file coords-v1.tsv (TSV, C-alpha atoms)
chain	number	residue	atom	x	y	z
A	1	MET	CA	17.57	-4.48	24.15
A	2	LYS	CA	19.22	-1.27	25.43
A	3	LEU	CA	19.54	1.62	22.98
A	4	ARG	CA	22.87	2.60	24.55
A	5	ASP	CA	24.27	-0.81	23.68
A	6	PHE	CA	22.84	-0.48	20.18
A	7	ARG	CA	24.61	2.87	19.66
A	8	ARG	CA	27.92	1.38	20.81
A	9	ALA	CA	27.55	-1.69	18.64
A	10	GLY	CA	27.73	0.12	15.30
A	11	HIS	CA	28.40	3.46	13.63
A	12	VAL	CA	25.56	5.96	14.04
A	13	PRO	CA	26.76	8.53	11.42
A	14	THR	CA	26.80	5.79	8.79
A	15	LEU	CA	23.38	4.55	9.86
A	16	LEU	CA	22.04	8.11	9.52
A	17	SER	CA	23.74	8.48	6.14
A	18	ALA	CA	22.13	5.26	4.94
A	19	PHE	CA	18.74	6.48	6.14
A	20	LEU	CA	19.06	9.87	4.40
A	21	TYR	CA	20.30	8.29	1.17
A	22	PHE	CA	17.39	5.86	1.21
A	23	ASP	CA	14.94	8.63	2.12
A	24	VAL	CA	15.78	11.10	-0.63
A	25	SER	CA	16.10	8.26	-3.15
A	26	PHE	CA	12.61	6.98	-2.35
A	27	MET	CA	11.22	10.48	-2.60
A	28	ILE	CA	12.70	10.85	-6.07
A	29	TRP	CA	11.75	7.32	-7.12
A	30	LEU	CA	8.06	7.93	-6.37
A	31	LEU	CA	7.85	11.39	-7.96
A	32	PRO	CA	5.99	10.20	-11.12
A	33	GLY	CA	3.31	8.64	-8.91
A	34	ALA	CA	3.12	11.67	-6.63
A	35	LEU	CA	2.80	14.00	-9.63
A	36	ALA	CA	0.57	11.69	-11.68
A	37	ASN	CA	-2.62	13.74	-11.19
A	38	SER	CA	-0.80	16.75	-12.66
A	39	ILE	CA	0.92	14.83	-15.46
A	40	VAL	CA	-2.14	12.86	-16.62
A	41	PRO	CA	-4.15	15.91	-17.84
A	42	ALA	CA	-1.12	17.22	-19.71
A	43	PHE	CA	-0.88	14.05	-21.81
A	44	GLY	CA	-4.50	12.83	-21.76
A	45	LEU	CA	-3.66	9.37	-20.42
A	46	SER	CA	-5.99	6.38	-20.15
A	47	ASP	CA	-6.36	4.32	-16.95
A	48	SER	CA	-3.90	1.69	-18.17
A	49	GLN	CA	-1.39	4.40	-19.19
A	50	LYS	CA	-1.69	5.96	-15.72
A	51	GLY	CA	-0.83	2.61	-14.14
A	52	LEU	CA	2.09	2.08	-16.52
A	53	MET	CA	3.54	5.54	-15.98
A	54	VAL	CA	3.67	5.21	-12.18
A	55	ALA	CA	4.88	1.59	-12.43
A	56	VAL	CA	7.83	2.07	-14.82
A	57	PRO	CA	10.14	3.64	-12.18
A	58	LEU	CA	9.55	0.54	-10.06
A	59	LEU	CA	10.56	-1.67	-12.97
A	60	GLY	CA	13.71	0.40	-13.50
A	61	GLY	CA	14.55	0.06	-9.82
A	62	ALA	CA	14.04	-3.69	-9.96
A	63	VAL	CA	16.52	-4.11	-12.81
A	64	LEU	CA	19.15	-1.68	-11.55
A	65	ARG	CA	19.15	-3.07	-8.01
A	66	LEU	CA	20.80	-6.21	-9.33
A	67	ALA	CA	23.65	-4.15	-10.80
A	68	LEU	CA	24.04	-2.00	-7.70
A	69	GLY	CA	23.99	-5.08	-5.48
A	70	LEU	CA	26.89	-6.60	-7.40
A	71	LEU	CA	28.74	-3.28	-7.30
A	72	THR	CA	28.19	-2.98	-3.55
A	73	ASP	CA	29.85	-6.30	-2.88
A	74	ARG	CA	32.80	-5.52	-5.15
A	75	VAL	CA	33.63	-1.85	-4.41
A	76	GLY	CA	31.81	-1.23	-1.13
A	77	ALA	CA	28.42	0.21	-0.23
A	78	ARG	CA	29.73	3.76	0.21
A	79	ARG	CA	31.14	4.04	-3.30
A	80	ALA	CA	28.07	2.36	-4.77
A	81	GLY	CA	25.84	4.85	-2.97
A	82	LEU	CA	27.84	7.83	-4.21
A	83	LEU	CA	27.60	6.54	-7.76
A	84	GLY	CA	23.87	5.92	-7.44
A	85	MET	CA	23.16	9.46	-6.27
A	86	SER	CA	25.39	10.93	-8.97
A	87	LEU	CA	23.55	9.02	-11.70
A	88	THR	CA	20.16	10.14	-10.33
A	89	ILE	CA	20.97	13.71	-11.33
A	90	LEU	CA	20.41	12.87	-15.03
A	91	PRO	CA	16.74	11.77	-14.94
A	92	LEU	CA	15.89	14.66	-12.61
A	93	MET	CA	17.35	17.07	-15.15
A	94	MET	CA	15.40	15.32	-17.91
A	95	GLY	CA	12.14	15.48	-15.98
A	96	TRP	CA	12.70	19.15	-15.28
A	97	LEU	CA	13.82	20.39	-18.70
A	98	TRP	CA	12.98	17.76	-21.32
A	99	ALA	CA	9.96	15.49	-20.61
A	100	ASP	CA	7.12	16.92	-22.72
A	101	SER	CA	5.38	13.70	-23.85
A	102	PHE	CA	4.16	10.41	-22.41
A	103	ASN	CA	6.97	8.43	-24.05
A	104	LYS	CA	9.58	10.80	-22.67
A	105	MET	CA	8.06	10.47	-19.20
A	106	LEU	CA	8.34	6.69	-19.48
A	107	LEU	CA	12.06	7.05	-20.19
A	108	VAL	CA	12.49	9.45	-17.28
A	109	GLY	CA	10.65	7.02	-15.03
A	110	LEU	CA	12.80	4.10	-16.17
A	111	LEU	CA	16.01	6.01	-15.45
A	112	LEU	CA	14.67	7.11	-12.07
A	113	GLY	CA	14.97	3.45	-11.22
A	114	VAL	CA	18.57	4.17	-10.21
A	115	SER	CA	17.19	5.94	-7.14
A	116	GLY	CA	15.10	2.89	-6.33
A	117	ALA	CA	18.25	0.82	-6.62
A	118	SER	CA	19.58	2.65	-3.55
A	119	PHE	CA	18.17	-0.24	-1.54
A	120	ALA	CA	21.07	-2.47	-2.60
A	121	ALA	CA	23.68	-0.05	-1.24
A	122	ALA	CA	21.98	1.69	1.70
A	123	LEU	CA	20.95	-1.42	3.61
A	124	PRO	CA	24.30	-3.28	3.35
A	125	LEU	CA	26.06	-0.04	4.35
A	126	ALA	CA	24.10	-0.06	7.62
A	127	SER	CA	23.88	-3.81	8.13
A	128	ARG	CA	27.61	-4.51	8.03
A	129	TRP	CA	28.20	-2.30	11.08
A	130	TYR	CA	25.89	-4.27	13.39
A	131	PRO	CA	26.00	-7.76	14.98
A	132	PRO	CA	23.21	-10.28	14.35
A	133	ARG	CA	21.18	-9.41	17.46
A	134	TYR	CA	20.73	-5.82	16.25
A	135	GLN	CA	20.07	-6.52	12.58
A	136	GLY	CA	16.31	-6.07	12.80
A	137	LEU	CA	16.52	-2.63	14.41
A	138	ALA	CA	19.45	-1.41	12.29
A	139	MET	CA	17.86	-2.52	9.03
A	140	GLY	CA	14.53	-1.12	10.19
A	141	ILE	CA	16.03	2.32	10.85
A	142	ALA	CA	17.89	2.41	7.54
A	143	GLY	CA	14.87	1.02	5.72
A	144	ALA	CA	12.62	3.67	7.27
A	145	GLY	CA	14.04	5.85	4.53
A	146	ASN	CA	11.05	4.66	2.53
A	147	SER	CA	9.38	7.56	4.37
A	148	GLY	CA	10.60	9.49	1.33
A	149	THR	CA	7.43	8.22	-0.33
A	150	ALA	CA	5.43	10.35	2.11
A	151	LEU	CA	7.54	13.41	1.25
A	152	ALA	CA	6.79	12.86	-2.41
A	153	THR	CA	3.04	12.36	-2.00
A	154	PHE	CA	2.62	15.31	0.39
A	155	PHE	CA	4.84	17.97	-1.16
A	156	GLY	CA	4.73	16.87	-4.81
A	157	PRO	CA	1.10	17.89	-5.57
A	158	ARG	CA	1.48	21.15	-3.63
A	159	LEU	CA	4.66	22.21	-5.40
A	160	ALA	CA	3.21	21.20	-8.77
A	161	LEU	CA	0.16	23.37	-8.09
A	162	VAL	CA	2.39	26.42	-7.56
A	163	TRP	CA	5.28	25.93	-10.00
A	164	GLY	CA	4.16	23.15	-12.31
A	165	TRP	CA	5.13	19.48	-12.22
A	166	HIS	CA	8.29	19.92	-14.32
A	167	ALA	CA	9.76	22.26	-11.70
A	168	VAL	CA	9.31	19.65	-8.96
A	169	PHE	CA	11.98	17.48	-10.58
A	170	GLY	CA	14.32	20.48	-10.49
A	171	LEU	CA	13.55	21.17	-6.83
A	172	ALA	CA	14.29	17.54	-5.98
A	173	LEU	CA	17.85	18.14	-7.19
A	174	ILE	CA	18.44	20.41	-4.19
A	175	ALA	CA	17.56	17.66	-1.71
A	176	LEU	CA	19.63	15.12	-3.65
A	177	LEU	CA	22.78	17.28	-3.73
A	178	ALA	CA	22.49	18.08	-0.01
A	179	THR	CA	22.21	14.38	0.81
A	180	LEU	CA	25.11	13.56	-1.48
A	181	ALA	CA	27.31	16.04	0.42
A	182	PHE	CA	26.28	14.62	3.83
A	183	PHE	CA	26.87	11.07	2.63
A	184	LEU	CA	30.28	11.93	1.24
A	185	ILE	CA	31.40	13.37	4.59
A	186	PHE	CA	29.89	10.97	7.15
A	187	ALA	CA	29.31	7.56	5.56
A	188	LYS	CA	31.98	4.92	6.10
A	189	ASP	CA	32.25	1.29	5.05
A	190	SER	CA	32.43	-1.21	7.89
A	191	PRO	CA	35.87	-2.68	8.67
A	192	GLU	CA	34.13	-6.05	8.30
A	193	GLN	CA	33.70	-5.43	4.59
A	194	PRO	CA	33.73	-8.87	2.90
A	195	ALA	CA	36.25	-9.46	0.14
A	196	PRO	CA	34.92	-9.35	-3.44
A	197	ARG	CA	33.92	-12.77	-4.72
A	198	PRO	CA	33.82	-14.22	-8.22
A	199	LEU	CA	30.56	-13.85	-10.09
A	200	THR	CA	30.18	-17.61	-9.89
A	201	THR	CA	29.69	-17.22	-6.15
A	202	TYR	CA	26.66	-15.01	-6.78
A	203	ALA	CA	25.34	-17.58	-9.22
A	204	ASP	CA	25.56	-20.12	-6.39
A	205	VAL	CA	23.41	-17.87	-4.21
A	206	LEU	CA	20.81	-17.68	-6.97
A	207	LYS	CA	20.68	-21.47	-7.06
A	208	LEU	CA	19.54	-21.65	-3.44
A	209	ALA	CA	15.81	-22.10	-2.97
A	210	ASP	CA	15.84	-19.78	0.05
A	211	THR	CA	16.85	-16.89	-2.20
A	212	TRP	CA	13.69	-17.28	-4.23
A	213	TRP	CA	11.51	-17.73	-1.18
A	214	PHE	CA	12.75	-14.39	0.13
A	215	CYS	CA	12.15	-12.89	-3.31
A	216	LEU	CA	8.54	-14.05	-3.19
A	217	LEU	CA	7.98	-12.75	0.33
A	218	TYR	CA	9.50	-9.37	-0.42
A	219	SER	CA	7.65	-9.00	-3.71
A	220	ILE	CA	4.50	-9.10	-1.58
A	221	THR	CA	5.55	-6.89	1.34
A	222	PHE	CA	7.71	-4.29	-0.38
A	223	GLY	CA	6.03	-4.68	-3.76
A	224	GLY	CA	2.66	-4.13	-2.16
A	225	PHE	CA	3.88	-1.11	-0.22
A	226	VAL	CA	5.70	0.71	-2.99
A	227	GLY	CA	3.16	-0.28	-5.65
A	228	LEU	CA	0.30	1.15	-3.62
A	229	ALA	CA	2.34	4.20	-2.63
A	230	SER	CA	2.94	5.02	-6.30
A	231	PHE	CA	-0.74	4.55	-7.20
A	232	LEU	CA	-2.65	5.99	-4.24
A	233	ASN	CA	-2.75	9.55	-5.59
A	234	VAL	CA	-4.42	8.27	-8.75
A	235	PHE	CA	-6.75	5.98	-6.78
A	236	PHE	CA	-8.04	8.62	-4.38
A	237	LEU	CA	-8.70	11.12	-7.17
A	238	SER	CA	-10.29	8.58	-9.52
A	239	GLN	CA	-12.33	6.61	-6.98
A	240	TYR	CA	-13.44	9.35	-4.60
A	241	GLY	CA	-13.26	12.50	-6.75
A	242	LEU	CA	-10.83	14.35	-4.47
A	243	SER	CA	-8.72	17.28	-5.61
A	244	LYS	CA	-5.06	16.77	-6.43
A	245	VAL	CA	-3.88	18.12	-3.08
A	246	GLN	CA	-6.56	16.23	-1.14
A	247	ALA	CA	-5.59	13.01	-2.90
A	248	GLY	CA	-1.98	13.68	-1.93
A	249	ASN	CA	-2.99	14.24	1.69
A	250	PHE	CA	-4.88	10.95	1.92
A	251	ALA	CA	-2.09	9.09	0.13
A	252	THR	CA	0.49	10.56	2.52
A	253	PHE	CA	-1.57	9.52	5.55
A	254	CYS	CA	-1.58	5.91	4.33
A	255	VAL	CA	2.06	5.89	3.23
A	256	ILE	CA	3.28	7.17	6.59
A	257	ALA	CA	1.86	4.06	8.26
A	258	GLY	CA	4.10	1.74	6.25
A	259	SER	CA	7.16	3.95	6.49
A	260	ALA	CA	6.96	4.64	10.21
A	261	LEU	CA	6.24	1.06	11.22
A	262	ARG	CA	9.02	-0.62	9.24
A	263	PRO	CA	11.49	-0.31	12.18
A	264	LEU	CA	8.80	-1.75	14.46
A	265	GLY	CA	8.56	-4.75	12.16
A	266	GLY	CA	12.30	-5.34	12.46
A	267	TYR	CA	12.20	-4.91	16.24
A	268	LEU	CA	9.25	-7.27	16.71
A	269	ALA	CA	10.92	-9.80	14.43
A	270	ASP	CA	14.05	-9.64	16.62
A	271	ARG	CA	11.90	-10.17	19.69
A	272	PHE	CA	9.30	-12.71	18.58
A	273	GLY	CA	10.64	-14.20	15.37
A	274	GLY	CA	10.38	-13.09	11.76
A	275	VAL	CA	8.49	-16.15	10.56
A	276	ARG	CA	5.78	-15.89	13.18
A	277	LEU	CA	5.37	-12.15	12.64
A	278	LEU	CA	5.32	-12.36	8.85
A	279	THR	CA	2.64	-15.05	8.84
A	280	GLY	CA	0.29	-12.86	10.86
A	281	LEU	CA	1.06	-9.79	8.76
A	282	PHE	CA	0.30	-11.58	5.49
A	283	LEU	CA	-3.05	-12.75	6.78
A	284	ILE	CA	-3.95	-9.25	8.01
A	285	ALA	CA	-2.95	-7.68	4.69
A	286	GLY	CA	-5.02	-10.24	2.79
A	287	THR	CA	-8.05	-9.46	4.94
A	288	THR	CA	-7.76	-5.69	4.54
A	289	MET	CA	-7.31	-6.00	0.79
A	290	LEU	CA	-10.44	-8.13	0.60
A	291	GLY	CA	-12.21	-5.27	2.32
A	292	LEU	CA	-10.80	-2.82	-0.24
A	293	ALA	CA	-12.09	-5.01	-3.06
A	294	THR	CA	-15.61	-3.97	-2.01
A	295	LEU	CA	-14.61	-0.33	-2.74
A	296	PRO	CA	-16.03	1.04	0.52
A	297	PRO	CA	-16.75	4.75	1.21
A	298	LEU	CA	-13.83	7.15	1.66
A	299	PHE	CA	-13.46	6.86	5.45
A	300	ALA	CA	-13.59	3.06	5.53
A	301	GLY	CA	-11.36	2.78	2.46
A	302	THR	CA	-8.77	5.06	4.04
A	303	VAL	CA	-8.77	3.04	7.26
A	304	LEU	CA	-8.29	-0.20	5.31
A	305	LEU	CA	-5.50	1.28	3.20
A	306	PHE	CA	-3.80	2.64	6.34
A	307	ALA	CA	-3.95	-0.83	7.92
A	308	THR	CA	-2.70	-2.47	4.71
A	309	MET	CA	0.27	-0.13	4.40
A	310	ALA	CA	1.09	-0.56	8.10
A	311	THR	CA	1.19	-4.35	7.84
A	312	LEU	CA	3.20	-4.28	4.61
A	313	GLY	CA	5.66	-1.81	6.13
A	314	MET	CA	6.22	-4.01	9.16
A	315	GLY	CA	6.55	-6.97	6.81
A	316	ASN	CA	9.43	-5.21	5.03
A	317	GLY	CA	11.30	-4.90	8.31
A	318	ALA	CA	10.58	-8.52	9.23
A	319	VAL	CA	11.86	-9.91	5.92
A	320	PHE	CA	15.13	-8.03	6.27
A	321	GLN	CA	15.57	-9.20	9.82
A	322	LEU	CA	15.99	-12.66	8.29
A	323	VAL	CA	17.96	-11.94	5.11
A	324	PRO	CA	21.27	-10.92	6.78
A	325	GLN	CA	21.08	-14.03	8.96
A	326	ARG	CA	20.63	-16.33	6.00
A	327	PHE	CA	23.20	-14.60	3.77
A	328	PRO	CA	25.72	-12.83	6.05
A	329	LYS	CA	28.60	-12.94	3.54
A	330	GLU	CA	26.56	-12.15	0.44
A	331	ILE	CA	24.38	-9.40	1.84
A	332	GLY	CA	25.06	-7.01	-1.06
A	333	VAL	CA	24.06	-9.28	-3.91
A	334	THR	CA	21.26	-10.91	-1.93
A	335	THR	CA	19.84	-7.53	-1.00
A	336	GLY	CA	19.98	-6.61	-4.67
A	337	VAL	CA	18.22	-9.78	-5.79
A	338	VAL	CA	15.54	-9.71	-3.09
A	339	GLY	CA	15.07	-5.96	-3.47
A	340	SER	CA	14.76	-6.43	-7.22
A	341	ALA	CA	11.93	-8.90	-6.66
A	342	GLY	CA	10.24	-6.29	-4.48
A	343	GLY	CA	10.52	-3.79	-7.31
A	344	PHE	CA	8.99	-6.24	-9.79
A	345	GLY	CA	6.12	-6.83	-7.37
A	346	GLY	CA	5.65	-3.08	-7.10
A	347	PHE	CA	5.63	-2.77	-10.90
A	348	LEU	CA	2.89	-5.37	-11.25
A	349	LEU	CA	0.47	-3.92	-8.71
A	350	PRO	CA	-0.24	-0.46	-10.26
A	351	THR	CA	-0.08	-1.98	-13.74
A	352	VAL	CA	-2.78	-4.50	-12.81
A	353	LEU	CA	-4.88	-1.92	-10.97
A	354	GLY	CA	-4.78	0.47	-13.94
A	355	SER	CA	-5.46	-2.26	-16.51
A	356	MET	CA	-8.34	-3.72	-14.48
A	357	LYS	CA	-9.85	-0.28	-14.09
A	358	GLN	CA	-9.76	0.29	-17.84
A	359	ALA	CA	-11.08	-3.19	-18.65
A	360	THR	CA	-13.85	-3.39	-16.05
A	361	GLY	CA	-14.40	0.18	-14.94
A	362	SER	CA	-13.52	-0.75	-11.36
A	363	PHE	CA	-10.48	-1.21	-9.11
A	364	SER	CA	-12.17	-4.11	-7.32
A	365	GLY	CA	-10.59	-6.91	-9.35
A	366	GLY	CA	-7.06	-5.64	-8.76
A	367	PHE	CA	-7.51	-5.47	-4.99
A	368	LEU	CA	-9.11	-8.91	-4.94
A	369	ALA	CA	-6.18	-10.42	-6.85
A	370	PHE	CA	-3.66	-8.95	-4.43
A	371	ALA	CA	-5.67	-10.16	-1.43
A	372	LEU	CA	-5.71	-13.75	-2.66
A	373	VAL	CA	-2.23	-13.97	-4.18
A	374	GLY	CA	-0.39	-11.64	-1.82
A	375	GLY	CA	-2.04	-12.05	1.53
A	376	ILE	CA	-3.35	-15.58	1.72
A	377	GLY	CA	-0.89	-17.00	-0.82
A	378	GLY	CA	2.04	-15.33	0.95
A	379	ALA	CA	1.09	-16.83	4.30
A	380	LEU	CA	0.84	-20.32	2.79
A	381	ALA	CA	4.17	-19.92	0.97
A	382	LEU	CA	5.89	-18.78	4.17
A	383	ALA	CA	4.47	-21.70	6.14
A	384	TYR	CA	5.84	-24.11	3.53
A	385	ALA	CA	9.27	-22.51	3.16
A	386	SER	CA	9.94	-22.08	6.88
A	387	ARG	CA	9.64	-25.80	7.56
A	388	GLY	CA	13.23	-26.24	6.39
A	389	TRP	CA	14.62	-23.21	8.24
A	390	HIS	CA	14.38	-24.48	11.82
A	391	GLY	CA	17.75	-25.56	13.13
A	392	THR	CA	19.68	-23.71	10.41
A	393	PHE	CA	19.20	-19.96	10.68
A	394	ILE	CA	15.91	-19.95	12.61
A	395	GLY	CA	16.06	-20.81	16.28
A	396	ALA	CA	13.47	-21.15	19.01
A	397	GLY	CA	10.32	-19.11	18.62
A	398	GLY	CA	11.08	-18.37	14.96
A	399	ARG	CA	13.87	-15.94	15.86
A	400	ALA	CA	17.01	-15.69	13.76
A	401	ALA	CA	19.99	-17.61	15.07
A	402	GLU	CA	23.30	-15.91	15.80
A	403	ALA	CA	25.43	-18.10	13.58
A	404	ALA	CA	25.47	-18.29	9.82
A	405	PRO	CA	23.79	-21.41	8.42
A	406	ALA	CA	26.00	-24.34	7.62
A	407	SER	CA	24.78	-24.38	4.03
A	408	LEU	CA	26.71	-21.16	3.43
A	409	SER	CA	30.09	-22.54	4.46
A	410	ILE	CA	31.12	-23.24	0.88
A	411	LEU	CA	30.18	-19.72	-0.16
A	412	ALA	CA	31.99	-18.18	2.80
A	413	GLU	CA	35.21	-19.92	1.78
A	414	ALA	CA	34.96	-18.96	-1.88
call {"tool": "encode", "arguments": {"input": "coords-v1.tsv", "output": "structure tokens"}}
result
Amino acid sequence: MKLRDFRRAGHVPTLLSAFLYFDVSFMIWLLPGALANSIVPAFGLSDSQKGLMVAVPLLGGAVLRLALGLLTDRVGARRAGLLGMSLTILPLMMGWLWADSFNKMLLVGLLLGVSGASFAAALPLASRWYPPRYQGLAMGIAGAGNSGTALATFFGPRLALVWGWHAVFGLALIALLATLAFFLIFAKDSPEQPAPRPLTTYADVLKLADTWWFCLLYSITFGGFVGLASFLNVFFLSQYGLSKVQAGNFATFCVIAGSALRPLGGYLADRFGGVRLLTGLFLIAGTTMLGLATLPPLFAGTVLLFATMATLGMGNGAVFQLVPQRFPKEIGVTTGVVGSAGGFGGFLLPTVLGSMKQATGSFSGGFLAFALVGGIGGALALAYASRGWHGTFIGAGGRAAEAAPASLSILAEA
């Protein structure tokens, strides 16, 4: 693959716009988790309440991604993205000027889900500009916007220490408005924009078993990544007794692994096959999480978390190397559905970790559950599902085929 050919194949300003939109949205989406160690003392929260507070934005994102996915297919990814960023202004204002109780913070977190919904507009915006052979790299670059999680975990605790956690929501408005202006100027919808389809067409997509297989896979890879990213600040402070800024530093170190390696996951999936790559990544993630269940010392725990986030990040890129191949005409709604499943997976992980900590006094049970269900269970599920993919949208070596699968012909004509 030559990068010069890749640049000519699509529209670089739009790809950059999609990346920036995704990046600032992820930063905003994870702010409650990044600021949790400053918010918790203000409201005197229990372990289960900590988990719920950082998980609620992920739930909001899961629900709103479905709506934004439908909107993307009907009005275009650019307009959907502009609307998403405009709506994000409201919860940031509320977090800055209004949220003075735990219940109010839950509402702010739920509404911040609109920034998490950016997934359903940003990725189709980039994907529709590129041919099948470049989907892994294009989606990996756009999806690397989840590096916004690292911005939140690194700068959030520092800014809160100086100006207070409320002010951080106000400062995030500056980054959002700058990105909104850039997006407005440079982002363009692809000329290959598919025509809007009746809602019954989307219902047909939901009836396909492959849709739900991808939902399961992404709930593990993305759900694991974003769920851990939202909870790591709390974990490092609670488990190892670090300061707020130190906890943010360690969380950022781990988050960067998943963010930076997502494009590599897409590239390797293009080269060696998404199914083959994902199977190995699930098994590695399961093994590292089993190690975390022993609650090792700080250095070993950090290494295991870094490895876990790296494998989950690459898994995100690998899953979305396959999705556009399986659903080329329904990429908006499918991205919304699959992304929504990832958000639900992310919601469950910190909720379970917080609840298990309160019930047992340890994080061990939560990590063990994810290792067994996510890592080992995900590998087995992928092995089962992929048996029916060969010869349709998976070619030799597990790589995605160039053509759309025959089973989509009815949908393509609708």
call {"tool": "atom_distance", "arguments": {"input": "coords-v1.tsv", "atom1": "CA of Leu125 (chain A)", "atom2": "CA of Asp189 (chain A)"}}
result
6.4 Å
call {"tool": "closest_residue", "arguments": {"input": "coords-v1.tsv", "among": "A:Arg65, A:Arg326, A:Arg8, A:Lys244", "to": "Pro132 (chain A)", "atoms": "all atoms listed in the file"}}
result
A:Arg326
call {"tool": "residues_around", "arguments": {"input": "coords-v1.tsv", "residues": "Gly280 (chain A)", "least_positions_apart": "4", "cutoff": "12 Å", "atoms": "all atoms listed in the file", "output": "MDAnalysis selection string"}}
result
chainID A and resid 265 269 272:276 284:287 311:312 314:315 318 375:376 378:380 382:383
call {"tool": "atom_distance", "arguments": {"input": "coords-v1.tsv", "atom1": "CA of Val162 (chain A)", "atom2": "CA of Leu35 (chain A)"}}
result
12.6 Å
call {"tool": "atom_distance", "arguments": {"input": "coords-v1.tsv", "atom1": "CA of Pro194 (chain A)", "atom2": "CA of Gln325 (chain A)"}}
result
14.9 Å
call {"tool": "closest_residue", "arguments": {"input": "coords-v1.tsv", "among": "A:Ala77, A:Leu106, A:Val40, A:Ala138", "to": "Leu15 (chain A)", "atoms": "all atoms listed in the file"}}
result
A:Ala138
call {"tool": "closest_atom_pairs", "arguments": {"input": "coords-v1.tsv", "of": "region 128-241 of chain A", "to": "region 255-261 of chain A", "cutoff": "9 Å", "atoms": "only C-alpha atoms", "output": "tab-separated table"}}
result
residue	atom	partner	partner_atom	distance
A:Gly140	CA	A:Leu261	CA	8.6
A:Gly143	CA	A:Ser259	CA	8.3
A:Ala144	CA	A:Ser259	CA	5.5
A:Gly145	CA	A:Ser259	CA	7.4
A:Asn146	CA	A:Ser259	CA	5.6
A:Ser147	CA	A:Ser259	CA	4.7
A:Gly148	CA	A:Ser259	CA	8.3
A:Thr149	CA	A:Val255	CA	6.9
A:Ala150	CA	A:Val255	CA	5.7
A:Thr153	CA	A:Val255	CA	8.4
A:Phe225	CA	A:Gly258	CA	7.1
A:Val226	CA	A:Val255	CA	8.9
A:Leu228	CA	A:Val255	CA	8.5
A:Ala229	CA	A:Val255	CA	6.1
A:Leu232	CA	A:Val255	CA	8.8
call {"tool": "residues_near_point", "arguments": {"input": "coords-v1.tsv", "point": "(22.6, -9.7, -1.0)", "cutoff": "12 Å", "atoms": "all atoms listed in the file", "output": "PyMOL selection string"}}
result
chain A and resi 65-74+77+119-125+127-128+194+201-203+205-206+211+214-215+320+322-340
call {"tool": "write_last_selection", "arguments": {"input": "coords-v1.tsv", "atoms": "C-alpha atoms", "output": "compact mmCIF listing (two decimals), keeping the file's coordinate frame"}}
result
# COMPACT_ATOMS: atom_id res chain seq x y z
CA ARG A 65 19.15 -3.07 -8.01
CA LEU A 66 20.80 -6.21 -9.33
CA ALA A 67 23.65 -4.15 -10.80
CA LEU A 68 24.04 -2.00 -7.70
CA GLY A 69 23.99 -5.08 -5.48
CA LEU A 70 26.89 -6.60 -7.40
CA LEU A 71 28.74 -3.28 -7.30
CA THR A 72 28.19 -2.98 -3.55
CA ASP A 73 29.85 -6.30 -2.88
CA ARG A 74 32.80 -5.52 -5.15
CA ALA A 77 28.42 0.21 -0.23
CA PHE A 119 18.17 -0.24 -1.54
CA ALA A 120 21.07 -2.47 -2.60
CA ALA A 121 23.68 -0.05 -1.24
CA ALA A 122 21.98 1.69 1.70
CA LEU A 123 20.95 -1.42 3.61
CA PRO A 124 24.30 -3.28 3.35
CA LEU A 125 26.06 -0.04 4.35
CA SER A 127 23.88 -3.81 8.13
CA ARG A 128 27.61 -4.51 8.03
CA PRO A 194 33.73 -8.87 2.90
CA THR A 201 29.69 -17.22 -6.15
CA TYR A 202 26.66 -15.01 -6.78
CA ALA A 203 25.34 -17.58 -9.22
CA VAL A 205 23.41 -17.87 -4.21
CA LEU A 206 20.81 -17.68 -6.97
CA THR A 211 16.85 -16.89 -2.20
CA PHE A 214 12.75 -14.39 0.13
CA CYS A 215 12.15 -12.89 -3.31
CA PHE A 320 15.13 -8.03 6.27
CA LEU A 322 15.99 -12.66 8.29
CA VAL A 323 17.96 -11.94 5.11
CA PRO A 324 21.27 -10.92 6.78
CA GLN A 325 21.08 -14.03 8.96
CA ARG A 326 20.63 -16.33 6.00
CA PHE A 327 23.20 -14.60 3.77
CA PRO A 328 25.72 -12.83 6.05
CA LYS A 329 28.60 -12.94 3.54
CA GLU A 330 26.56 -12.15 0.44
CA ILE A 331 24.38 -9.40 1.84
CA GLY A 332 25.06 -7.01 -1.06
CA VAL A 333 24.06 -9.28 -3.91
CA THR A 334 21.26 -10.91 -1.93
CA THR A 335 19.84 -7.53 -1.00
CA GLY A 336 19.98 -6.61 -4.67
CA VAL A 337 18.22 -9.78 -5.79
CA VAL A 338 15.54 -9.71 -3.09
CA GLY A 339 15.07 -5.96 -3.47
CA SER A 340 14.76 -6.43 -7.22
call {"tool": "residues_near_point", "arguments": {"input": "coords-v1.tsv", "point": "(16.4, -2.6, 11.8)", "cutoff": "6 Å", "atoms": "all atoms listed in the file", "output": "ChimeraX atom specification"}}
result
/A:135-141,263,266
call {"tool": "closest_residue", "arguments": {"input": "coords-v1.tsv", "among": "A:Gly76, A:Gly95, A:Gly388, A:Pro32", "to": "Ala167 (chain A)", "atoms": "all atoms listed in the file"}}
result
A:Gly95
